[in-house]
Each structure stands twice: as structure tokens, then as C-alpha cells.
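Engineer: Supplied in C-alpha cells, the structure appears directly below.
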Amino acid sequence: MKIAILGGTGNIGKGLALRWECKHEIIIGSREQSKAEQIADSYAQILRENTTKTCNIRGVKNDKAVAMADIVIVAVPYQALKSLVDSIQPSLTNQVIISLVVPMEKQNSYLKYVQPDDGSAAVKLKKLVPDTIGVVAAFHNLSAKKLCNLESHLDYDVAVCGSDKEAKKKVIKLIEDINGIRALDGGELEDAVVIESLTPFLINLARRNNLQELGVKFV
Ligand SMILES: NC(=O)c1ccc[n+]([C@@H]2O[C@H](COP(=O)([O-])OP(=O)(O)OC[C@H]3O[C@@H](n4cnc5c(N)ncnc54)[C@H](OP(=O)(O)O)[C@@H]3O)[C@@H](O)[C@H]2O)c1
């Protein structure tokens with residue numbers, strides 16, 4: 001699969017790019033071509049040091065990344081969602097988009113989920129893109145820090161929410177290619193509010209109890 005990670009120059013984008021361990025072609029998207037190239041090269045270097053597999057990873061501007069991809073991961077802050085979608089609109093045809101966007105803000109020392117009028121960031125995203133695009137929500141409850149540390153063993157579940165059954169099936173299969181992660185059908189796209197709002201809860205839970213990099217596992 002050709003996977004474009006928009007905002008792939010950031011924390012969670014890096015973690016995902018590394019954890020697919022060269023099983024797929026990764027296209028790092030950025031608002032800036034030179035930044036995309038430079039960061040993609042740095043990921044390729046990390047992968048060369050950690051695997052003997054041949055890795056296909058490159059960096060281009062977000063709109064070009066979308067045009068090249070089968071799967072598009074939107075990995076930007078919520079505040080950037082609308083402007084990002086506007087910038088990639090001409091490249092959207094029949095790709096599947098995965099949203100891992102969490103709308104949240106700091107309140108006192110803790111984080112709070114700020115529910116969008118549409119119900120969730122994923123539903124808002126669905127309304128912004130053409131009907132031909134399948135939108136799925138996943139990855140919200142993984143820690144970028146944990147993903148980026150390749151020495152750290154993963155043992156997490158990722159709930160996948162989406163109402164386009166084919167798109168969801170494709171994404172579940174793709175997630176299962178990451179070692180240590182089990183993908184579970186989390187229901188309809190409207191259910192994405194549950195996994196989005198769980199993120200600030202997990203971060204606050206970690207802070208309150210002096211724990212680090214909490215994730216989710218259903219047992
Ligand atoms: N960090 C985590 O552990 C984690 C876990 C699960 C979900 N998430 C969610 O994933 C998303 C990304 O998180 P992150 O921590 O990776 O964020 P980040 O590192 O702060 O940002 C990711 C990338 O977004 C791009 N960006 C920033 N402002 C933008 C704008 N106005 N327009 C377009 N692109 C912009 C930047 O890329 P360029 O400058 O290269 O364009 C940046 O490198 C957030 O919605 C977050 O809630 C994060």
C-alpha cells in the first residue's frame with residue numbers, strides 16, 4: 001500500500017512511519033517540500049539502522065502526497081484540519097483517509113476534549129471531503145513517544161471507527177501490519193467521539209498517577 005502521512009513530520013506521524021517497518025511505501029507529507037524531504041531522509045536513516053529490509057520512504061508536499069497514495073493519514077493538530085483539507089482538496093479522488101486528530105486544549109494543568117459541533121473531528125473531516133472518500137478514525141490512543149522508541153515493545157489495541165465497511169476493513173488490515181498492535185472494529189464513524197475523547201483522559205490519568213505513555217488494551 002502507498003500510505004501518505006500528512007503532518008508526517010510531527011510526533012505521531014514519525015511513530016507510525018517507523019512502526020510499519022518498511023512493509024508499505026510511506027510518503028511523508030508537509031506544508032514544505034524541503035522539510036518533508038529532510039524529515040523523510042531522517043526516518044529512512046533510523047530504519048536503515050534498525051532493519052535490513054529495503055525501505056521506500058520519501059517526503060513531498062501534502063497535496064502531492066495525497067495524489068500518490070491509496071491511504072491518507074491526517075496527523076495534524078485539530079486547528080489545522082480545515083486548512084489542510086482545503087489544501088489537498090484537488091488531489092482527493094478515491095483514497096481512504098484515517099483521522100487520528102484529537103480536538104483538545106489545556107485547562108489548568110490538564111487536557112480537555114473540545115467536542116466539535118459536528119460531533120467529532122472525524123465526522124467533521126468526513127463532511128469536508130468528497131463522498132468518494134472513505135473516512136475512518138483510528139490511532140488516537142497510542143503514544144507517539146512510545147511508537148518512536150523502536151526499542152519499546154508495543155502491546156496495544158486500536159479501535160477503528162468508520163461507517164464505510166470496505167475502508168474500515170482495509171485500515172484494520174493495515175494496522176495489523178504493525179507489530180504489537182491489535183486492530184478492533186470500534187463501530188460507526190459517529191462512535192469516533194469515544195476514542196477521540198479518551199486521549200486527553202489517558203494523558204490526564206497518566207499525569208495524576210505518575211504513569212507514562214498509557215495506551216489501551218481490552219482484556
Ligand atoms: N502525539 C501523540 O502522541 C498523538 C497520539 C494520537 C493522536 N495524536 C493527534 O495527532 C495529531 C498530530 O499530533 P502530533 O503530536 O504529531 O502534532 P505535531 O507534531 O504538533 O504536528 C504534526 C504536524 O502538523 C503539521 N501542522 C502544524 N500546524 C499546521 C497547520 N496549521 N496546517 C497544516 N499542517 C500543520 C506540521 O507539519 P508541517 O510543518 O511539516 O506541515 C507538524 O509537523 C493531533 O491531532 C493529535 O491530537 C497525537
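Following the order of the C-alpha cells, chains are lettered A, B, ..., residues in each are numbered from 1, and ligands are numbered from 1.
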Distance table requested - segment 127-202 of chain A against segment 77-96 of chain A, cut-off 10 Å, only C-alpha atoms: one row per qualifying residue with the closest atom pair and its distance in Å to one decimal, ordered by chain and rising residue number, as a tab-separated table.
Structural biologist:
residue	atom	partner	partner_atom	distance
A:Leu128	CA	A:Val85	CA	7.1
A:Val129	CA	A:Gln89	CA	7.2
A:Pro130	CA	A:Leu92	CA	7.4
A:Asp131	CA	A:Asn94	CA	8.8
A:Thr132	CA	A:Asn94	CA	5.3
A:Ile133	CA	A:Asn94	CA	5.1
A:Gly134	CA	A:Val96	CA	4.7
A:Val135	CA	A:Val96	CA	6.0
A:Val136	CA	A:Val96	CA	7.5
A:Asp164	CA	A:Val96	CA	9.5
A:Glu166	CA	A:Val96	CA	9.5
A:Ala167	CA	A:Val96	CA	6.1
A:Lys168	CA	A:Val96	CA	8.8
A:Lys170	CA	A:Val96	CA	8.6
A:Val171	CA	A:Val96	CA	8.3
Engineer: Could you save the residues just selected, with C-alpha atoms, as a compact mmCIF listing (two decimals), in the first residue's frame?
Structural biologist:
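Result saved to result_9.txt:
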# COMPACT_ATOMS: atom_id res chain seq x y z
CA LEU A 128 -15.14 18.31 4.34
CA VAL A 129 -14.12 15.67 1.76
CA PRO A 130 -15.86 14.30 -1.37
CA ASP A 131 -18.34 11.40 -0.91
CA THR A 132 -15.95 9.09 -2.77
CA ILE A 133 -13.51 9.23 0.15
CA GLY A 134 -13.88 6.65 2.92
CA VAL A 135 -13.11 8.17 6.32
CA VAL A 136 -12.03 6.04 9.24
CA ASP A 164 -17.60 2.66 5.16
CA GLU A 166 -14.64 -1.61 2.87
CA ALA A 167 -12.50 1.31 4.04
CA LYS A 168 -12.60 0.06 7.64
CA LYS A 170 -8.62 -2.06 4.64
CA VAL A 171 -7.49 0.03 7.61
Engineer: Write as a ChimeraX atom specification the residues around ligand 1, taking 8 Å as the cut-off and counting only C-alpha atoms and all ligand atoms.
Structural biologist: /A:6-14,29-32,35-36,62,74-81,83-84,100-104,139-145,199
Engineer: Which residue out of A:Ile71, A:Glu176, A:Ile57, A:Leu214 has the minimum interatomic distance to Phe201 of chain A when only C-alpha atoms are used?
Structural biologist: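 So, comparing all the options, the nearest one is A:Leu214.
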Engineer: For the strand (DSSP E or B) assignment from backbone DSSP, which residues of segment 48-212 of chain A qualify? Please present them as a PyMOL selection string.
Structural biologist: chain A and resi 57-61+71-74+96-99+104-107+110-113+134-137+156-162+181-185
Engineer: Give me the residues near Leu47 of chain A as a list in words, where near means some atom within 8 Å (using only C-alpha atoms) and where sequence neighbours in that chain fewer than 5 positions away do not count.
Structural biologist: Leu18, Glu21, Cys22 and Cys55 of chain A
Engineer: In segment 50-187 of chain A, what's alpha helix (DSSP H) per DSSP? Answer as a compact mmCIF listing (two decimals) with N, CA and C atoms, in the first residue's frame?
Structural biologist:
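As written to disk, out.txt reads:
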# COMPACT_ATOMS: atom_id res chain seq x y z
N ASN A 50 17.86 0.06 11.89
CA ASN A 50 17.06 -0.89 12.68
C ASN A 50 16.51 -2.07 11.90
N ASN A 62 2.05 18.10 1.06
CA ASN A 62 0.83 17.34 1.40
C ASN A 62 -0.05 16.99 0.20
N ASP A 63 -0.28 17.95 -0.69
CA ASP A 63 -1.20 17.67 -1.81
C ASP A 63 -0.63 16.62 -2.76
N LYS A 64 0.66 16.68 -2.97
CA LYS A 64 1.32 15.69 -3.83
C LYS A 64 1.28 14.30 -3.17
N ALA A 65 1.48 14.29 -1.86
CA ALA A 65 1.45 13.02 -1.11
C ALA A 65 0.09 12.35 -1.27
N VAL A 66 -0.96 13.15 -1.19
CA VAL A 66 -2.32 12.60 -1.32
C VAL A 66 -2.53 12.01 -2.72
N ALA A 67 -2.05 12.73 -3.73
CA ALA A 67 -2.22 12.27 -5.11
C ALA A 67 -1.52 10.94 -5.36
N MET A 68 -0.47 10.66 -4.59
CA MET A 68 0.31 9.43 -4.80
C MET A 68 -0.22 8.25 -3.98
N LEU A 81 -6.96 21.33 10.76
CA LEU A 81 -7.70 20.34 9.94
C LEU A 81 -8.34 20.97 8.69
N LYS A 82 -9.06 22.07 8.88
CA LYS A 82 -9.81 22.67 7.77
C LYS A 82 -8.84 23.18 6.69
N SER A 83 -7.80 23.89 7.12
CA SER A 83 -6.87 24.45 6.13
C SER A 83 -6.10 23.33 5.42
N LEU A 84 -5.81 22.26 6.14
CA LEU A 84 -5.13 21.13 5.49
C LEU A 84 -6.03 20.52 4.42
N VAL A 85 -7.29 20.27 4.78
CA VAL A 85 -8.21 19.65 3.80
C VAL A 85 -8.39 20.57 2.59
N ASP A 86 -8.50 21.87 2.82
CA ASP A 86 -8.61 22.81 1.69
C ASP A 86 -7.40 22.66 0.75
N SER A 87 -6.22 22.47 1.35
CA SER A 87 -5.00 22.43 0.53
C SER A 87 -4.85 21.13 -0.26
N ILE A 88 -5.57 20.07 0.14
CA ILE A 88 -5.42 18.78 -0.57
C ILE A 88 -6.64 18.44 -1.42
N ALA A 121 -13.90 15.21 15.42
CA ALA A 121 -13.03 15.67 14.32
C ALA A 121 -13.22 14.76 13.10
N ALA A 122 -13.41 13.46 13.34
CA ALA A 122 -13.54 12.52 12.22
C ALA A 122 -14.81 12.79 11.39
N VAL A 123 -15.90 13.08 12.08
CA VAL A 123 -17.15 13.38 11.36
C VAL A 123 -17.01 14.71 10.63
N LYS A 124 -16.34 15.67 11.26
CA LYS A 124 -16.11 16.96 10.59
C LYS A 124 -15.30 16.73 9.31
N LEU A 125 -14.28 15.91 9.42
CA LEU A 125 -13.43 15.61 8.26
C LEU A 125 -14.25 14.98 7.15
N LYS A 126 -15.10 14.05 7.51
CA LYS A 126 -15.96 13.35 6.51
C LYS A 126 -16.79 14.37 5.74
N LYS A 127 -17.28 15.40 6.45
CA LYS A 127 -18.11 16.42 5.80
C LYS A 127 -17.30 17.33 4.89
N LEU A 128 -15.99 17.39 5.12
CA LEU A 128 -15.14 18.31 4.34
C LEU A 128 -14.63 17.69 3.03
N ALA A 144 2.85 8.76 20.83
CA ALA A 144 3.88 8.97 19.81
C ALA A 144 5.26 8.62 20.37
N LYS A 145 5.47 9.00 21.62
CA LYS A 145 6.78 8.77 22.25
C LYS A 145 7.09 7.27 22.26
N LYS A 146 6.10 6.50 22.60
CA LYS A 146 6.27 5.04 22.66
C LYS A 146 6.52 4.47 21.25
N LEU A 147 5.78 4.96 20.28
CA LEU A 147 5.94 4.46 18.90
C LEU A 147 7.33 4.81 18.36
N CYS A 148 7.81 5.99 18.69
CA CYS A 148 9.09 6.46 18.13
C CYS A 148 10.28 5.73 18.74
N LYS A 165 -17.66 0.24 5.24
CA LYS A 165 -17.17 -1.09 5.66
C LYS A 165 -15.89 -1.50 4.95
N GLU A 166 -15.83 -1.23 3.64
CA GLU A 166 -14.64 -1.61 2.87
C GLU A 166 -13.41 -0.84 3.36
N ALA A 167 -13.61 0.46 3.57
CA ALA A 167 -12.50 1.31 4.04
C ALA A 167 -12.01 0.82 5.41
N LYS A 168 -12.96 0.50 6.28
CA LYS A 168 -12.60 0.06 7.64
C LYS A 168 -11.83 -1.25 7.58
N LYS A 169 -12.29 -2.17 6.70
CA LYS A 169 -11.60 -3.46 6.57
C LYS A 169 -10.15 -3.26 6.13
N LYS A 170 -9.97 -2.37 5.15
CA LYS A 170 -8.62 -2.06 4.64
C LYS A 170 -7.72 -1.52 5.75
N VAL A 171 -8.28 -0.61 6.54
CA VAL A 171 -7.49 0.03 7.61
C VAL A 171 -7.15 -0.97 8.71
N ILE A 172 -8.10 -1.83 9.06
CA ILE A 172 -7.84 -2.84 10.10
C ILE A 172 -6.69 -3.73 9.66
N LYS A 173 -6.70 -4.12 8.39
CA LYS A 173 -5.64 -5.00 7.85
C LYS A 173 -4.27 -4.28 7.92
N LEU A 174 -4.30 -3.02 7.58
CA LEU A 174 -3.06 -2.21 7.59
C LEU A 174 -2.51 -2.07 9.00
N ILE A 175 -3.39 -1.86 9.97
CA ILE A 175 -2.95 -1.69 11.37
C ILE A 175 -2.36 -2.98 11.89
Engineer: What does the distance between atom CA of Arg48 of chain A and atom CA of Ile27 of chain A come to in Å, to one decimal place?
Structural biologist: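 Straight-line distance from atom CA of Arg48 of chain A to atom CA of Ile27 of chain A works out to 16.5 Å.
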Engineer: Of the candidates A:Lys106, A:Gly15, A:Ile3, A:Gly119, which one gets nearest to Ile73 of chain A if we count only C-alpha atoms?
Structural biologist: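 Among A:Lys106, A:Gly15, A:Ile3, A:Gly119, it is A:Ile3 that comes nearest to Ile73 of chain A.
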Engineer: Just the number, please: distance in Å from atom CA of Asn209 of chain A to atom CA of Ser197 of chain A, one decimal.
Structural biologist: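 Atom CA of Asn209 of chain A sits 18.9 Å away from atom CA of Ser197 of chain A.
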Engineer: Would you mind reading off the distance between atom CA of Lys61 of chain A and atom CA of Ile28 of chain A, one decimal, in Å?
Structural biologist: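 The value is 8.1 Å.
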